[in-house]
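*Asks:* The structure's right below; bear with me while I get my questions together.
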Amino acid sequence: MRKFSRVIILIGVALGFVGFSVFIGFFATHAGAFSPDAEAGNKNNAADFDRIDPILSAPENQPNSLSASASLPPPQKDPCLHCHITGEDKNLWTPFFRWSFFSGVGVVFAYGLYRTTSAWRTRLPWKPFPRRAADWIEERYQIAEPVSKILNKPVPKYALRWWYCLGGITAFLFLVQGVTGIMLAFYYNPTPEAAYASIQYIETEVRFGSAIRMIHHWAANGMIVMCLAHMLRVFIMGAFKRPRELNWVSGILLLVLTLVFGFTGYLLPWDQRAYWATTVGTEIAGSIPGIGNLALVFLRVGWDVSGQTLSRFYSLHVLVAPLATVIFMLAHFMMVRRQGIARPL
Amino acid sequence: MADTTNAKDQETIPFYPDHVRTEFRVVIGTVIVLLIIGALGLLSPVGLGQPADPMDTPAHIKPEWYFLALYQLLKYIDKTIGATLPVIALALLALWPFLDRKPDTSVKVKRVRSIAVAIVVVVLVAMTIWGEIS
């Protein structure tokens, strides 16, 4: 009975809240209808937002003839009057920030309301949302045990020495390349006519474009350096030996893929260096005995470096090589995980 | 002596949070370096050369630094051999664990391998620098 009456009170509070909102909303939108000039017979301003504004409507009764509003669109067609009033309608981001701010405040308010009423109604200690989410998932998928097994796996202490982090840095730089590469791909145009200009556009017009390109450029070089350093470390320490042979093979494939990234990415700016380095590079691939011509035609898509080559290199750079790298990287990591880090001699 | 080092190597830490924390620090360091590089990029961008012109072959065409050693090698040996050599080298490298199968028993083996690696690295670095300045 007691609990029931609390539900009734809650419903009453909610209804009161809604009613109050409607009441306020009605007066906010129909304020003009109650102003003196509405009584004076001005009929087409029932939902006229700019009636709220004293600057536009107060000095004279004809806001449209004001010099201040001469450059503004007519009141009925203006999508955001209060933006003009406060002089905020300058930045493209303003509405987004405004929406984010007010909805954030709303979410915080709703959270507080829910938490208060829930504690009051159920008389149980409050359960935080992350725990609720974890319980919700656990109830359905039972992943807590395998996850804790993964997280609590003992790692040898010697793996904290600095030369063990080279492979991890390579992997992290690959992620950086993925992110910055996607950012560049938003603006890059892989055609011989537009590639050069689109890179110029990235460097001069796009916000932080030159920084992103710089990071992509140097992280690529860093990735190759780290890759080689990791390989040397593994080789010198003999970590490639039984039972880790396949891990070494996948590592070599990842090195080759990294070089493919470098070689194909080098053509994309479509400047003289890119064009001729690719011409010479594919020519070298073309002089492999037996399969040379096949390799040449596969890389150039024809006998010359052309727009087709650019498309081919672009798709290799952004689709084929990343996919293959992700697959081999996952295999690499899973094998490391399974076999543990090799014990140093 | 050998016993104590062995015992030390047996020590473990949990993957989370101990190992992850260390990895996270490495990542933070890398990110800081990358942000500095990005800030430098705002001041002086990577830039572009002249637009590509298939009709105009420039005098000196050089590849990226990681192909410079091969580039320098190709000046002195036949193109067919120069193109085949890296393929064979990579295949050999990939198959190395199946060729060198004896498990490491002493520090001496490791030392021999280190010396071999050092020689190869010095040769490659020398070739790269030579290719860069030539």
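Every chain in the structure tokens has a letter given in the order shown (A, B, ...), and although residue numbers restart at 1 in each chain, ligands are simply numbered from 1 in the order shown.
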Can you pull out every residue from chain B that DSSP, working from the backbone, puts in strand (DSSP E or B), and format the result as number ranges by chain?
*Replies:* B: 12-14, 51
*Asks:* Residues of chain A no more than 7 Å from chain B, counting only C-alpha atoms: send them over as a PDB file with C-alpha atoms, in the first residue's frame.
*Replies:*
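part.pdb, written as the output of this step:
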```pdb
ATOM      1  CA  LEU A 151      43.538  -9.844 -18.087  1.00  0.00           C
ATOM      2  CA  ASN A 152      45.105 -11.809 -15.241  1.00  0.00           C
ATOM      3  CA  LYS A 153      47.439 -13.846 -17.408  1.00  0.00           C
ATOM      4  CA  PRO A 154      50.860 -13.730 -15.803  1.00  0.00           C
ATOM      5  CA  VAL A 155      53.525 -12.011 -17.875  1.00  0.00           C
ATOM      6  CA  PRO A 156      57.208 -12.606 -17.119  1.00  0.00           C
ATOM      7  CA  LYS A 157      58.855  -9.679 -15.453  1.00  0.00           C
ATOM      8  CA  TYR A 158      61.723  -9.598 -17.966  1.00  0.00           C
ATOM      9  CA  TYR A 196      48.570  16.603 -56.599  1.00  0.00           C
ATOM     10  CA  GLU A 203      48.508  20.980 -46.727  1.00  0.00           C
ATOM     11  CA  PHE A 208      45.570  20.499 -39.177  1.00  0.00           C
ATOM     12  CA  SER A 210      49.704  19.500 -42.761  1.00  0.00           C
ATOM     13  CA  ALA A 211      50.138  18.169 -39.196  1.00  0.00           C
ATOM     14  CA  ILE A 212      48.258  14.988 -40.056  1.00  0.00           C
ATOM     15  CA  MET A 214      53.511  15.077 -41.306  1.00  0.00           C
ATOM     16  CA  ILE A 215      52.510  12.496 -38.673  1.00  0.00           C
ATOM     17  CA  ILE A 236      69.659 -11.897 -31.868  1.00  0.00           C
ATOM     18  CA  MET A 237      67.871 -13.363 -28.856  1.00  0.00           C
ATOM     19  CA  PHE A 240      62.355 -17.301 -33.498  1.00  0.00           C
ATOM     20  CA  LYS A 241      63.340 -20.837 -32.553  1.00  0.00           C
ATOM     21  CA  GLU A 245      58.770 -20.571 -36.171  1.00  0.00           C
ATOM     22  CA  TRP A 248      58.763 -15.445 -37.268  1.00  0.00           C
ATOM     23  CA  VAL A 249      57.261 -16.219 -40.684  1.00  0.00           C
ATOM     24  CA  ILE A 252      58.534 -11.441 -42.119  1.00  0.00           C
ATOM     25  CA  TRP A 270      51.801  12.180 -57.848  1.00  0.00           C
ATOM     26  CA  ASP A 271      54.782  14.499 -58.018  1.00  0.00           C
ATOM     27  CA  GLN A 272      57.956  13.969 -60.043  1.00  0.00           C
ATOM     28  CA  ARG A 273      59.733  12.031 -57.264  1.00  0.00           C
ATOM     29  CA  TYR A 275      56.184   9.133 -60.473  1.00  0.00           C
ATOM     30  CA  TRP A 276      59.772   8.336 -61.337  1.00  0.00           C
ATOM     31  CA  ALA A 277      60.568   6.398 -58.175  1.00  0.00           C
ATOM     32  CA  ILE A 284      63.187  -3.477 -60.979  1.00  0.00           C
ATOM     33  CA  ALA A 285      60.264  -5.744 -60.080  1.00  0.00           C
ATOM     34  CA  SER A 287      63.383  -7.650 -64.178  1.00  0.00           C
ATOM     35  CA  ILE A 288      62.779 -10.636 -61.891  1.00  0.00           C
ATOM     36  CA  PRO A 289      63.387 -13.632 -64.160  1.00  0.00           C
ATOM     37  CA  LEU A 345      69.201 -16.937 -22.517  1.00  0.00           C
TER      38      LEU A 345
END
```
*Asks:* With distances taken over only C-alpha atoms, which residue among A:Thr204, A:Asn247, A:Leu319, A:Gly167 lies nearest Met335 in chain A?
*Replies:* A:Asn247
*Asks:* So that I can check the secondary structure, give me every residue of chain B assigned helix (DSSP H, G or I) by backbone DSSP, as an MDAnalysis selection string.
*Replies:* chainID B and resid 2:10 15:43 65:74 79:99 107:133
*Asks:* Name the residues in contact with Leu68 in chain B at a cut-off of 12 Å, using only C-alpha atoms, excluding same-chain residues fewer than 4 positions from it; report them as a VMD selection string.
*Replies:* (chain A and resid 277 281) or (chain B and resid 61 to 64 72 to 75 124 to 134)
*Asks:* Those selected residues, please, written with C-alpha atoms and delivered as a tab-separated table (two decimals), in the first residue's frame.
*Replies:*
```
chain	number	residue	atom	x	y	z
A	277	ALA	CA	60.57	6.40	-58.17
A	281	GLY	CA	60.81	0.54	-58.72
B	61	ILE	CA	65.70	9.60	-59.07
B	62	LYS	CA	66.08	8.20	-55.59
B	63	PRO	CA	63.73	5.86	-53.75
B	64	GLU	CA	62.77	6.12	-50.08
B	72	GLN	CA	73.01	1.46	-54.61
B	73	LEU	CA	73.57	-2.26	-55.16
B	74	LEU	CA	71.79	-2.12	-58.50
B	75	LYS	CA	74.28	0.42	-59.79
B	124	LEU	CA	73.23	-2.25	-45.13
B	125	VAL	CA	73.62	1.08	-43.30
B	126	ALA	CA	76.83	1.81	-45.22
B	127	MET	CA	75.10	1.01	-48.52
B	128	THR	CA	72.16	3.24	-47.52
B	129	ILE	CA	74.41	6.19	-46.63
B	130	TRP	CA	76.42	5.64	-49.79
B	131	GLY	CA	73.21	5.62	-51.81
B	132	GLU	CA	72.07	8.80	-50.08
B	133	ILE	CA	75.23	10.81	-50.72
B	134	SER	CA	76.00	9.48	-54.20
```
*Asks:* For a test of reading the model, state the distance in Å between CA of Leu10 in chain A and CA of Phe26 in chain A, rounded to one decimal.
*Replies:*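 Calculated distance between CA of Leu10 in chain A and CA of Phe26 in chain A is 24.2 Å.
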*Asks:* Record the distance separating CA of Ile199 in chain A and CA of Tyr187 in chain A, expressed in Å with one decimal.
*Replies:*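 CA of Tyr187 in chain A lies 7.9 Å from CA of Ile199 in chain A.
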*Asks:* One number please: CA of Leu259 in chain A to CA of Trp303 in chain A, in Å, one decimal.
*Replies:* 22.8 Å
